[in-house]
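Have a look at target-v2.cif; it's mmCIF, C-alpha atoms and all ligand atoms:
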```
data_my_file
loop_
_atom_site.group_PDB
_atom_site.id
_atom_site.type_symbol
_atom_site.label_atom_id
_atom_site.label_comp_id
_atom_site.auth_asym_id
_atom_site.auth_seq_id
_atom_site.Cartn_x
_atom_site.Cartn_y
_atom_site.Cartn_z
ATOM 1 C CA MET Q 1050 90.075 43.140 111.038
ATOM 2 C CA LYS Q 1051 91.827 42.993 107.684
ATOM 3 C CA LEU Q 1052 93.720 39.797 106.951
ATOM 4 C CA LEU Q 1053 96.664 39.540 104.647
ATOM 5 C CA PHE Q 1054 97.846 36.200 103.290
ATOM 6 C CA ALA Q 1055 101.377 36.792 102.011
ATOM 7 C CA SER Q 1056 102.719 33.706 100.324
ATOM 8 C CA ASP Q 1057 105.669 32.465 98.375
ATOM 9 C CA LEU Q 1058 104.679 30.654 95.185
ATOM 10 C CA ASP Q 1059 107.175 28.002 94.047
ATOM 11 C CA GLN Q 1060 107.265 24.909 96.226
ATOM 12 C CA THR Q 1061 104.824 26.548 98.594
ATOM 13 C CA LEU Q 1062 101.611 27.075 96.624
ATOM 14 C CA ILE Q 1063 102.625 25.936 93.135
ATOM 15 C CA TYR Q 1064 104.725 22.944 92.067
ATOM 16 C CA SER Q 1065 106.531 21.614 89.030
ATOM 17 C CA ARG Q 1066 106.319 17.920 88.095
ATOM 18 C CA ASN Q 1067 109.678 17.362 89.796
ATOM 19 C CA SER Q 1068 108.776 19.061 93.070
ATOM 20 C CA MET Q 1069 105.163 17.983 93.613
ATOM 21 C CA GLY Q 1070 106.003 14.632 95.183
ATOM 22 C CA GLU Q 1071 104.830 11.130 94.377
ATOM 23 C CA ASN Q 1072 101.438 9.436 94.336
ATOM 24 C CA ILE Q 1073 99.683 12.488 92.962
ATOM 25 C CA THR Q 1074 96.627 11.639 90.924
ATOM 26 C CA GLU Q 1075 96.529 13.467 87.599
ATOM 27 C CA ILE Q 1076 92.856 14.234 87.983
ATOM 28 C CA ASP Q 1077 93.534 16.244 91.156
ATOM 29 C CA LEU Q 1078 95.899 18.626 89.365
ATOM 30 C CA VAL Q 1079 95.270 21.939 87.715
ATOM 31 C CA GLU Q 1080 97.852 23.712 85.547
ATOM 32 C CA VAL Q 1081 98.703 27.237 86.707
ATOM 33 C CA GLU Q 1082 101.683 28.142 84.521
ATOM 34 C CA ARG Q 1083 102.857 27.475 80.991
ATOM 35 C CA ILE Q 1084 106.274 28.072 79.396
ATOM 36 C CA ASN Q 1085 106.453 28.142 75.586
ATOM 37 C CA GLY Q 1086 103.112 26.411 75.383
ATOM 38 C CA LYS Q 1087 104.101 23.629 77.797
ATOM 39 C CA PRO Q 1088 102.553 23.170 81.263
ATOM 40 C CA GLN Q 1089 105.113 24.057 83.930
ATOM 41 C CA SER Q 1090 103.481 24.471 87.365
ATOM 42 C CA TYR Q 1091 100.477 23.010 89.095
ATOM 43 C CA MET Q 1092 98.287 23.218 92.167
ATOM 44 C CA THR Q 1093 95.798 20.659 93.315
ATOM 45 C CA LYS Q 1094 92.220 21.530 92.409
ATOM 46 C CA LYS Q 1095 91.450 21.668 96.108
ATOM 47 C CA SER Q 1096 94.252 24.236 96.665
ATOM 48 C CA GLN Q 1097 93.121 26.420 93.801
ATOM 49 C CA LYS Q 1098 89.540 26.348 95.042
ATOM 50 C CA ALA Q 1099 90.626 27.261 98.581
ATOM 51 C CA LEU Q 1100 92.802 30.117 97.303
ATOM 52 C CA TRP Q 1101 90.085 31.519 95.077
ATOM 53 C CA GLU Q 1102 87.509 31.169 97.816
ATOM 54 C CA LEU Q 1103 89.580 33.288 100.188
ATOM 55 C CA GLY Q 1104 87.966 36.071 98.213
ATOM 56 C CA THR Q 1105 87.303 39.118 100.300
ATOM 57 C CA SER Q 1106 87.973 37.454 103.653
ATOM 58 C CA ALA Q 1107 91.750 37.743 103.196
ATOM 59 C CA PHE Q 1108 93.836 39.726 100.754
ATOM 60 C CA PHE Q 1109 96.133 37.356 98.856
ATOM 61 C CA LEU Q 1110 99.587 38.806 98.258
ATOM 62 C CA PRO Q 1111 101.966 36.721 96.128
ATOM 63 C CA VAL Q 1112 105.523 37.193 97.471
ATOM 64 C CA THR Q 1113 107.985 35.631 95.092
ATOM 65 C CA THR Q 1114 111.616 35.675 93.986
ATOM 66 C CA ARG Q 1115 110.392 35.427 90.388
ATOM 67 C CA THR Q 1116 111.028 38.409 88.134
ATOM 68 C CA GLN Q 1117 108.034 40.231 86.629
ATOM 69 C CA GLU Q 1118 108.146 38.204 83.431
ATOM 70 C CA GLN Q 1119 108.355 34.911 85.335
ATOM 71 C CA TYR Q 1120 105.616 35.981 87.743
ATOM 72 C CA GLU Q 1121 103.202 37.021 85.018
ATOM 73 C CA ARG Q 1122 103.243 33.499 83.605
ATOM 74 C CA VAL Q 1123 101.529 32.187 86.746
ATOM 75 C CA THR Q 1124 97.961 32.934 85.754
ATOM 76 C CA GLY Q 1125 96.215 30.093 87.569
ATOM 77 C CA ILE Q 1126 96.455 31.580 91.051
ATOM 78 C CA PHE Q 1127 93.826 34.221 90.336
ATOM 79 C CA GLU Q 1128 90.222 33.684 89.525
ATOM 80 C CA ASN Q 1129 89.986 37.052 87.845
ATOM 81 C CA PRO Q 1130 92.001 37.740 84.716
ATOM 82 C CA VAL Q 1131 92.433 41.261 86.132
ATOM 83 C CA ALA Q 1132 95.852 41.853 87.743
ATOM 84 C CA PRO Q 1133 95.751 41.636 91.518
ATOM 85 C CA ARG Q 1134 96.121 44.918 93.361
ATOM 86 C CA PHE Q 1135 99.587 44.080 94.733
ATOM 87 C CA ALA Q 1136 102.313 41.509 94.221
ATOM 88 C CA VAL Q 1137 105.827 41.343 95.640
ATOM 89 C CA ILE Q 1138 108.323 40.084 93.051
ATOM 90 C CA SER Q 1139 112.127 39.844 92.652
ATOM 91 C CA ASN Q 1140 112.245 38.817 96.323
ATOM 92 C CA GLY Q 1141 110.964 42.233 97.455
ATOM 93 C CA ALA Q 1142 113.022 44.504 95.196
ATOM 94 C CA VAL Q 1143 109.889 45.226 93.184
ATOM 95 C CA ILE Q 1144 106.288 45.722 94.264
ATOM 96 C CA LEU Q 1145 103.623 45.619 91.584
ATOM 97 C CA GLU Q 1146 100.543 47.768 92.099
ATOM 98 C CA ASP Q 1147 97.852 47.092 89.523
ATOM 99 C CA GLY Q 1148 100.504 45.346 87.441
ATOM 100 C CA GLU Q 1149 102.972 48.256 87.459
ATOM 101 C CA PRO Q 1150 106.157 48.507 89.566
ATOM 102 C CA VAL Q 1151 105.999 51.028 92.435
ATOM 103 C CA LYS Q 1152 108.875 53.254 91.286
ATOM 104 C CA GLU Q 1153 109.748 54.916 94.600
ATOM 105 C CA TRP Q 1154 109.996 51.536 96.305
ATOM 106 C CA SER Q 1155 112.536 50.081 93.879
ATOM 107 C CA GLU Q 1156 114.511 53.351 93.795
ATOM 108 C CA GLU Q 1157 114.918 53.233 97.556
ATOM 109 C CA ILE Q 1158 116.026 49.597 97.443
ATOM 110 C CA ARG Q 1159 118.483 50.411 94.649
ATOM 111 C CA GLU Q 1160 120.001 53.265 96.686
ATOM 112 C CA GLN Q 1161 120.510 50.959 99.649
ATOM 113 C CA CYS Q 1162 122.120 48.272 97.510
ATOM 114 C CA VAL Q 1163 124.485 50.842 96.018
ATOM 115 C CA SER Q 1164 125.413 52.389 99.374
ATOM 116 C CA ARG Q 1165 126.086 48.946 100.863
ATOM 117 C CA LYS Q 1166 127.955 47.859 97.744
ATOM 118 C CA THR Q 1167 125.676 44.862 97.302
ATOM 119 C CA VAL Q 1168 125.279 45.298 93.568
ATOM 120 C CA ILE Q 1169 125.814 42.676 90.892
ATOM 121 C CA GLU Q 1170 128.944 44.400 89.529
ATOM 122 C CA GLU Q 1171 130.625 43.898 92.912
ATOM 123 C CA LEU Q 1172 129.468 40.316 93.244
ATOM 124 C CA LEU Q 1173 130.365 38.877 89.850
ATOM 125 C CA PRO Q 1174 134.165 38.895 90.295
ATOM 126 C CA LEU Q 1175 133.720 37.036 93.594
ATOM 127 C CA ILE Q 1176 131.393 34.510 92.000
ATOM 128 C CA GLU Q 1177 133.980 33.914 89.322
ATOM 129 C CA ARG Q 1178 136.695 33.540 91.920
ATOM 130 C CA TYR Q 1179 134.856 31.057 94.143
ATOM 131 C CA PHE Q 1180 132.603 29.293 91.705
ATOM 132 C CA SER Q 1181 134.604 28.494 88.623
ATOM 133 C CA GLU Q 1182 133.841 24.855 89.272
ATOM 134 C CA GLU Q 1183 132.359 22.327 86.904
ATOM 135 C CA TRP Q 1184 129.084 22.136 88.849
ATOM 136 C CA VAL Q 1185 128.233 25.722 87.857
ATOM 137 C CA LEU Q 1186 126.232 25.342 84.655
ATOM 138 C CA ASN Q 1187 125.122 28.943 84.223
ATOM 139 C CA ILE Q 1188 125.218 32.354 85.929
ATOM 140 C CA LYS Q 1189 121.985 34.359 85.710
ATOM 141 C CA GLN Q 1190 121.135 37.927 86.649
ATOM 142 C CA ALA Q 1191 117.587 38.750 87.695
ATOM 143 C CA ASP Q 1192 116.592 42.151 86.319
ATOM 144 C CA GLY Q 1193 119.794 43.693 87.731
ATOM 145 C CA TRP Q 1194 118.838 42.901 91.353
ATOM 146 C CA PHE Q 1195 120.435 39.615 92.260
ATOM 147 C CA VAL Q 1196 122.315 36.642 90.878
ATOM 148 C CA TYR Q 1197 121.617 32.945 90.798
ATOM 149 C CA LEU Q 1198 123.675 30.051 89.584
ATOM 150 C CA ILE Q 1199 122.176 27.076 87.810
ATOM 151 C CA ILE Q 1200 124.054 24.173 89.291
ATOM 152 C CA ASP Q 1201 124.479 20.453 88.902
ATOM 153 C CA ARG Q 1202 123.260 19.133 92.249
ATOM 154 C CA THR Q 1203 124.941 15.776 91.779
ATOM 155 C CA GLN Q 1204 128.361 17.513 91.637
ATOM 156 C CA PHE Q 1205 127.646 20.280 94.145
ATOM 157 C CA PRO Q 1206 129.657 19.984 97.401
ATOM 158 C CA GLU Q 1207 126.839 20.359 99.972
ATOM 159 C CA GLU Q 1208 129.373 20.304 102.805
ATOM 160 C CA LYS Q 1209 130.817 23.619 101.597
ATOM 161 C CA LEU Q 1210 127.473 25.425 101.608
ATOM 162 C CA GLU Q 1211 127.753 26.695 105.180
ATOM 163 C CA PHE Q 1212 131.259 28.014 104.504
ATOM 164 C CA TYR Q 1213 130.118 29.891 101.390
ATOM 165 C CA ALA Q 1214 127.009 31.216 103.160
ATOM 166 C CA ARG Q 1215 129.111 32.704 105.965
ATOM 167 C CA LEU Q 1216 131.602 34.196 103.551
ATOM 168 C CA PHE Q 1217 128.939 35.978 101.502
ATOM 169 C CA ARG Q 1218 126.849 36.971 104.526
ATOM 170 C CA GLU Q 1219 129.826 38.968 105.807
ATOM 171 C CA ILE Q 1220 129.784 41.127 102.692
ATOM 172 C CA GLY Q 1221 126.000 41.584 102.679
ATOM 173 C CA TRP Q 1222 124.698 38.763 100.527
ATOM 174 C CA ALA Q 1223 122.273 36.060 101.656
ATOM 175 C CA MET Q 1224 122.599 32.674 99.988
ATOM 176 C CA SER Q 1225 119.791 30.250 99.313
ATOM 177 C CA LEU Q 1226 119.852 26.870 97.592
ATOM 178 C CA GLN Q 1227 116.571 25.886 95.955
ATOM 179 C CA GLY Q 1228 116.630 22.887 93.674
ATOM 180 C CA ARG Q 1229 119.090 23.640 90.868
ATOM 181 C CA LYS Q 1230 119.320 27.324 91.760
ATOM 182 C CA LEU Q 1231 121.828 28.891 94.120
ATOM 183 C CA TYR Q 1232 120.750 32.450 94.915
ATOM 184 C CA PHE Q 1233 122.844 35.437 96.020
ATOM 185 C CA MET Q 1234 120.538 38.104 97.432
ATOM 186 C CA PRO Q 1235 121.545 41.584 98.675
ATOM 187 C CA GLU Q 1236 120.624 41.964 102.357
ATOM 188 C CA SER Q 1237 118.521 45.061 101.531
ATOM 189 C CA ILE Q 1238 116.194 42.962 99.381
ATOM 190 C CA THR Q 1239 113.837 41.009 101.612
ATOM 191 C CA LYS Q 1240 110.319 39.718 101.276
ATOM 192 C CA ALA Q 1241 109.437 40.963 104.778
ATOM 193 C CA ARG Q 1242 110.145 44.620 104.012
ATOM 194 C CA ALA Q 1243 108.032 44.612 100.870
ATOM 195 C CA MET Q 1244 105.212 42.797 102.660
ATOM 196 C CA GLU Q 1245 105.276 45.452 105.434
ATOM 197 C CA TYR Q 1246 104.880 48.158 102.790
ATOM 198 C CA VAL Q 1247 101.820 46.447 101.299
ATOM 199 C CA LYS Q 1248 100.439 45.745 104.756
ATOM 200 C CA GLN Q 1249 100.544 49.457 105.511
ATOM 201 C CA ARG Q 1250 99.053 50.455 102.187
ATOM 202 C CA LEU Q 1251 96.148 48.067 102.748
ATOM 203 C CA ASN Q 1252 95.817 48.905 106.390
ATOM 204 C CA ALA Q 1253 95.856 45.184 107.164
ATOM 205 C CA ASP Q 1254 96.211 44.148 110.782
ATOM 206 C CA TYR Q 1255 96.814 40.412 110.762
ATOM 207 C CA VAL Q 1256 99.308 38.675 108.488
ATOM 208 C CA MET Q 1257 99.518 35.003 107.635
ATOM 209 C CA ALA Q 1258 102.579 34.035 105.620
ATOM 210 C CA ALA Q 1259 103.794 30.867 103.933
ATOM 211 C CA GLY Q 1260 107.058 29.741 102.391
ATOM 212 C CA ASP Q 1261 109.619 26.992 102.059
ATOM 213 C CA SER Q 1262 113.101 28.472 101.572
ATOM 214 C CA LEU Q 1263 115.608 30.489 103.578
ATOM 215 C CA LEU Q 1264 114.554 33.552 101.576
ATOM 216 C CA ASP Q 1265 111.045 33.165 103.053
ATOM 217 C CA LEU Q 1266 112.063 33.087 106.705
ATOM 218 C CA ASP Q 1267 112.114 36.880 107.253
ATOM 219 C CA LEU Q 1268 108.625 37.061 105.752
ATOM 220 C CA LEU Q 1269 107.333 34.383 108.108
ATOM 221 C CA GLU Q 1270 109.074 35.960 111.094
ATOM 222 C CA SER Q 1271 107.416 39.314 110.513
ATOM 223 C CA ALA Q 1272 103.956 37.750 110.099
ATOM 224 C CA ASP Q 1273 101.514 36.968 112.918
ATOM 225 C CA LYS Q 1274 101.278 33.360 111.775
ATOM 226 C CA GLY Q 1275 103.678 31.491 109.534
ATOM 227 C CA PHE Q 1276 103.515 28.205 107.636
ATOM 228 C CA LEU Q 1277 106.707 26.529 106.516
ATOM 229 C CA ALA Q 1278 106.582 23.661 104.020
ATOM 230 C CA VAL Q 1279 108.336 20.635 105.534
ATOM 231 C CA HIS Q 1280 110.071 19.649 102.286
ATOM 232 C CA GLY Q 1281 111.824 23.002 101.844
ATOM 233 C CA GLU Q 1282 115.314 24.360 102.320
ATOM 234 C CA ALA Q 1283 114.457 26.228 105.552
ATOM 235 C CA VAL Q 1284 113.381 23.080 107.430
ATOM 236 C CA LYS Q 1285 116.206 20.992 105.965
ATOM 237 C CA SER Q 1286 118.861 23.547 106.896
ATOM 238 C CA LYS Q 1287 117.648 23.462 110.508
ATOM 239 C CA ALA Q 1288 117.447 27.253 110.612
ATOM 240 C CA ALA Q 1289 116.059 28.685 113.866
ATOM 241 C CA PHE Q 1290 112.609 30.261 113.801
ATOM 242 C CA SER Q 1291 109.928 31.561 116.163
ATOM 243 C CA ALA Q 1292 107.059 29.656 117.742
ATOM 244 C CA HIS Q 1293 104.371 31.314 115.596
ATOM 245 C CA ILE Q 1294 105.823 29.474 112.597
ATOM 246 C CA GLN Q 1295 104.309 26.062 112.005
ATOM 247 C CA ILE Q 1296 105.836 23.309 109.872
ATOM 248 C CA THR Q 1297 103.436 21.449 107.593
ATOM 249 C CA GLU Q 1298 102.785 17.768 108.193
ATOM 250 C CA ARG Q 1299 102.442 16.921 104.520
ATOM 251 C CA SER Q 1300 105.074 17.542 101.865
ATOM 252 C CA GLY Q 1301 105.115 18.396 98.163
ATOM 253 C CA ILE Q 1302 102.004 19.744 96.507
ATOM 254 C CA GLU Q 1303 99.945 18.501 99.465
ATOM 255 C CA ALA Q 1304 101.784 20.919 101.772
ATOM 256 C CA GLY Q 1305 100.272 23.715 99.672
ATOM 257 C CA GLU Q 1306 96.853 22.217 100.244
ATOM 258 C CA GLU Q 1307 97.482 21.986 103.993
ATOM 259 C CA ILE Q 1308 98.645 25.628 104.203
ATOM 260 C CA LEU Q 1309 95.598 26.877 102.311
ATOM 261 C CA ALA Q 1310 93.268 24.858 104.531
ATOM 262 C CA HIS Q 1311 94.788 26.547 107.610
ATOM 263 C CA VAL Q 1312 94.526 29.972 106.021
ATOM 264 C CA ALA Q 1313 90.895 29.405 105.024
ATOM 265 C CA GLU Q 1314 90.109 28.232 108.544
ATOM 266 C CA THR Q 1315 91.735 31.313 110.119
ATOM 267 C CA ALA Q 1316 89.925 33.610 107.689
ATOM 268 C CA LEU Q 1317 86.641 31.951 108.616
ATOM 269 C CA GLN Q 1318 87.328 32.314 112.345
ATOM 270 C CA HIS Q 1319 88.087 36.006 111.925
ATOM 271 C CA ARG Q 1320 84.932 36.497 109.886
ATOM 272 C CA LEU Q 1321 82.824 34.767 112.496
ATOM 273 C CA SER Q 1322 84.352 36.686 115.392
ATOM 274 C CA ARG Q 1323 83.849 39.946 113.512
ATOM 275 C CA ARG Q 1324 80.221 39.066 112.885
ATOM 276 C CA SER Q 1325 79.626 38.340 116.525
ATOM 277 C CA THR Q 1326 81.267 41.657 117.467
ATOM 278 C CA HIS Q 1327 79.666 43.917 114.861
ATOM 279 C CA GLY Q 1328 76.511 42.081 113.882
ATOM 280 C CA SER Q 1329 76.212 40.135 110.649
ATOM 281 C CA THR Q 1330 74.540 42.812 108.533
ATOM 282 C CA ALA Q 1331 77.140 45.484 109.116
ATOM 283 C CA SER Q 1332 80.171 43.278 108.539
ATOM 284 C CA GLY Q 1333 78.522 41.526 105.582
ATOM 285 C CA SER Q 1334 77.902 44.763 103.736
ATOM 286 C CA ARG Q 1335 81.423 46.009 104.345
ATOM 287 C CA GLU Q 1336 82.971 42.817 103.030
ATOM 288 C CA ASN Q 1337 81.176 43.085 99.740
ATOM 289 C CA VAL Q 1338 82.513 46.493 98.840
ATOM 290 C CA GLY Q 1339 84.414 46.403 95.526
ATOM 291 C CA SER Q 1340 83.817 44.249 92.516
ATOM 292 C CA GLY Q 1341 86.962 42.117 92.126
ATOM 293 C CA LYS Q 1342 87.604 39.514 94.779
ATOM 294 C CA ASN Q 1343 90.978 40.794 95.918
ATOM 295 C CA ARG Q 1344 90.029 44.374 95.243
ATOM 296 C CA GLY Q 1345 87.372 44.090 97.905
ATOM 297 C CA MET Q 1346 90.176 44.498 100.422
ATOM 298 C CA ALA Q 1347 91.269 47.866 99.035
ATOM 299 C CA GLU Q 1348 92.012 50.750 101.408
HETATM 300 MG MG MG L 1 109.674 28.749 97.277
#
```

Entire entry expressed as structure tokens:
Amino acid sequence: MKLLFASDLDQTLIYSRNSMGENITEIDLVEVERINGKPQSYMTKKSQKALWELGTSAFFLPVTTRTQEQYERVTGIFENPVAPRFAVISNGAVILEDGEPVKEWSEEIREQCVSRKTVIEELLPLIERYFSEEWVLNIKQADGWFVYLIIDRTQFPEEKLEFYARLFREIGWAMSLQGRKLYFMPESITKARAMEYVKQRLNADYVMAAGDSLLDLDLLESADKGFLAVHGEAVKSKAAFSAHIQITERSGIEAGEEILAHVAETALQHRLSRRSTHGSTASGSRENVGSGKNRGMAE
């Protein structure tokens, strides 16, 4: 049995000072990302240890809306300085294999976006029409795939969010509000699709997934087991989801710790059941194939 742990990063596994919650002891934190020399994101030491210790018992697949440049800053999630075998970035528009984008994958996604007219050039005039308000601080394009607005949350009319979401959904764009960022994502770009591709490539047969936002829900739905951080947009928006998706009890950076504890526990259970089925020697030797921790799960 090959396990895949496909997880969102921001506000699921890693946290900024603003999003980690209160009463966090400094000594429990470990820095996992730096911007211009300044610490930006953190995990708890316990979380990092649990993630690293997953080792060969589950393949860790980061599944993030970050672009490649933003993703590559997050060095603290891997024990090895070597690039992990796979990562899903730009919300699923790009899959990195050994640090390089899988060309055919992104070409296919691009074709679908073009044929459905969900490309940035079509979206920008609409954004300008609907969002020329003072709470829009900046309009950003992510590597030509999608758009997000940097907004002033204190001025943002939350009551209009559902109206906007419906409007844009009708023309093929999913909206997601995460902190100061309001995302517009083409419907062809989903985390679930990219995860399914990696799952097939790895021949994995059980998927655990974790996330916090509306952009994570499809990923969690297509997994065998899902963990949804209680503090996130998905729980707050009261979106409907299936019974295999569990909401964390703890919030902030401690939700990350809780998710990783569940994942480690499941990985252990699967290991034990495999041992009892195949005998410890056989399964033990198979698990240790490959030198890098994540690479041990290669095809
Ligand atoms: Mg997130």

Work out how far CA of Ile1144 (chain Q) is from CA of Thr1105 (chain Q), in Å to one decimal.
->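 Going from CA of Thr1105 (chain Q) over to CA of Ile1144 (chain Q), I get 21.0 Å.
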
For this file, the PyMOL selection byres (((not hetatm)) within 10 of (chain L and resi 1)) selects which residues, as a PDB file with C-alpha atoms, keeping the file's coordinate frame?
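Below you can see out36.pdb, which holds the result:
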```pdb
ATOM      1  CA  SER Q1056     102.719  33.706 100.324  1.00  0.00           C
ATOM      2  CA  ASP Q1057     105.669  32.465  98.375  1.00  0.00           C
ATOM      3  CA  LEU Q1058     104.679  30.654  95.185  1.00  0.00           C
ATOM      4  CA  ASP Q1059     107.175  28.002  94.047  1.00  0.00           C
ATOM      5  CA  GLN Q1060     107.265  24.909  96.226  1.00  0.00           C
ATOM      6  CA  THR Q1061     104.824  26.548  98.594  1.00  0.00           C
ATOM      7  CA  LEU Q1062     101.611  27.075  96.624  1.00  0.00           C
ATOM      8  CA  ILE Q1063     102.625  25.936  93.135  1.00  0.00           C
ATOM      9  CA  TYR Q1064     104.725  22.944  92.067  1.00  0.00           C
ATOM     10  CA  VAL Q1112     105.523  37.193  97.471  1.00  0.00           C
ATOM     11  CA  THR Q1113     107.985  35.631  95.092  1.00  0.00           C
ATOM     12  CA  THR Q1114     111.616  35.675  93.986  1.00  0.00           C
ATOM     13  CA  ARG Q1115     110.392  35.427  90.388  1.00  0.00           C
ATOM     14  CA  GLN Q1227     116.571  25.886  95.955  1.00  0.00           C
ATOM     15  CA  GLY Q1228     116.630  22.887  93.674  1.00  0.00           C
ATOM     16  CA  ALA Q1259     103.794  30.867 103.933  1.00  0.00           C
ATOM     17  CA  GLY Q1260     107.058  29.741 102.391  1.00  0.00           C
ATOM     18  CA  ASP Q1261     109.619  26.992 102.059  1.00  0.00           C
ATOM     19  CA  SER Q1262     113.101  28.472 101.572  1.00  0.00           C
ATOM     20  CA  LEU Q1263     115.608  30.489 103.578  1.00  0.00           C
ATOM     21  CA  LEU Q1264     114.554  33.552 101.576  1.00  0.00           C
ATOM     22  CA  ASP Q1265     111.045  33.165 103.053  1.00  0.00           C
ATOM     23  CA  LEU Q1277     106.707  26.529 106.516  1.00  0.00           C
ATOM     24  CA  ALA Q1278     106.582  23.661 104.020  1.00  0.00           C
ATOM     25  CA  GLY Q1281     111.824  23.002 101.844  1.00  0.00           C
ATOM     26  CA  GLU Q1282     115.314  24.360 102.320  1.00  0.00           C
ATOM     27  CA  ALA Q1283     114.457  26.228 105.552  1.00  0.00           C
TER      28      ALA Q1283
END
```

For CA of Arg1215 (chain Q) and CA of His1280 (chain Q), the interatomic separation in Å (one decimal) | 23.4 Å

Residues matched by the PyMOL selection byres (((chain Q and resi 1312-1314) around 12) and not hetatm) as an MDAnalysis selection string | chainID Q and resid 1052:1056 1095:1109 1255:1259 1274:1276 1305:1311 1315:1321

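Here CA of Asn1187 (chain Q) and CA of Leu1231 (chain Q) stand 10.4 Å from one another.
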
Output check: residues returned by the PyMOL selection byres (((chain Q and resi 1116) around 8) and not hetatm), as a list in words |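 Applying the expression gives Thr1114, Arg1115, Gln1117, Glu1118, Gln1119, Tyr1120, Ile1138, Ser1139, Ala1191 and Asp1192 of chain Q.
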
Keeping C-alpha atoms (and nothing else), can you write region 1292-1314 of chain Q of this structure as an mmCIF file, in the first residue's frame?
```
data_model
loop_
_atom_site.group_PDB
_atom_site.id
_atom_site.type_symbol
_atom_site.label_atom_id
_atom_site.label_comp_id
_atom_site.auth_asym_id
_atom_site.auth_seq_id
_atom_site.Cartn_x
_atom_site.Cartn_y
_atom_site.Cartn_z
ATOM 1 C CA ALA Q 1292 -17.969 12.706 5.556
ATOM 2 C CA HIS Q 1293 -14.374 11.567 4.958
ATOM 3 C CA ILE Q 1294 -13.277 15.160 5.574
ATOM 4 C CA GLN Q 1295 -12.517 15.937 9.194
ATOM 5 C CA ILE Q 1296 -12.301 19.419 10.705
ATOM 6 C CA THR Q 1297 -9.417 20.014 13.101
ATOM 7 C CA GLU Q 1298 -10.151 20.734 16.745
ATOM 8 C CA ARG Q 1299 -7.261 23.142 17.163
ATOM 9 C CA SER Q 1300 -6.703 26.283 15.119
ATOM 10 C CA GLY Q 1301 -3.715 28.259 13.851
ATOM 11 C CA ILE Q 1302 -0.297 26.664 13.777
ATOM 12 C CA GLU Q 1303 -1.551 23.971 16.168
ATOM 13 C CA ALA Q 1304 -4.013 22.756 13.520
ATOM 14 C CA GLY Q 1305 -0.964 21.897 11.404
ATOM 15 C CA GLU Q 1306 0.406 19.892 14.295
ATOM 16 C CA GLU Q 1307 -2.913 18.074 14.725
ATOM 17 C CA ILE Q 1308 -3.123 17.205 11.002
ATOM 18 C CA LEU Q 1309 0.421 15.841 10.957
ATOM 19 C CA ALA Q 1310 -0.240 13.749 14.060
ATOM 20 C CA HIS Q 1311 -3.236 12.144 12.302
ATOM 21 C CA VAL Q 1312 -1.228 11.537 9.152
ATOM 22 C CA ALA Q 1313 1.651 9.981 11.098
ATOM 23 C CA GLU Q 1314 -0.800 7.755 12.949
#
```
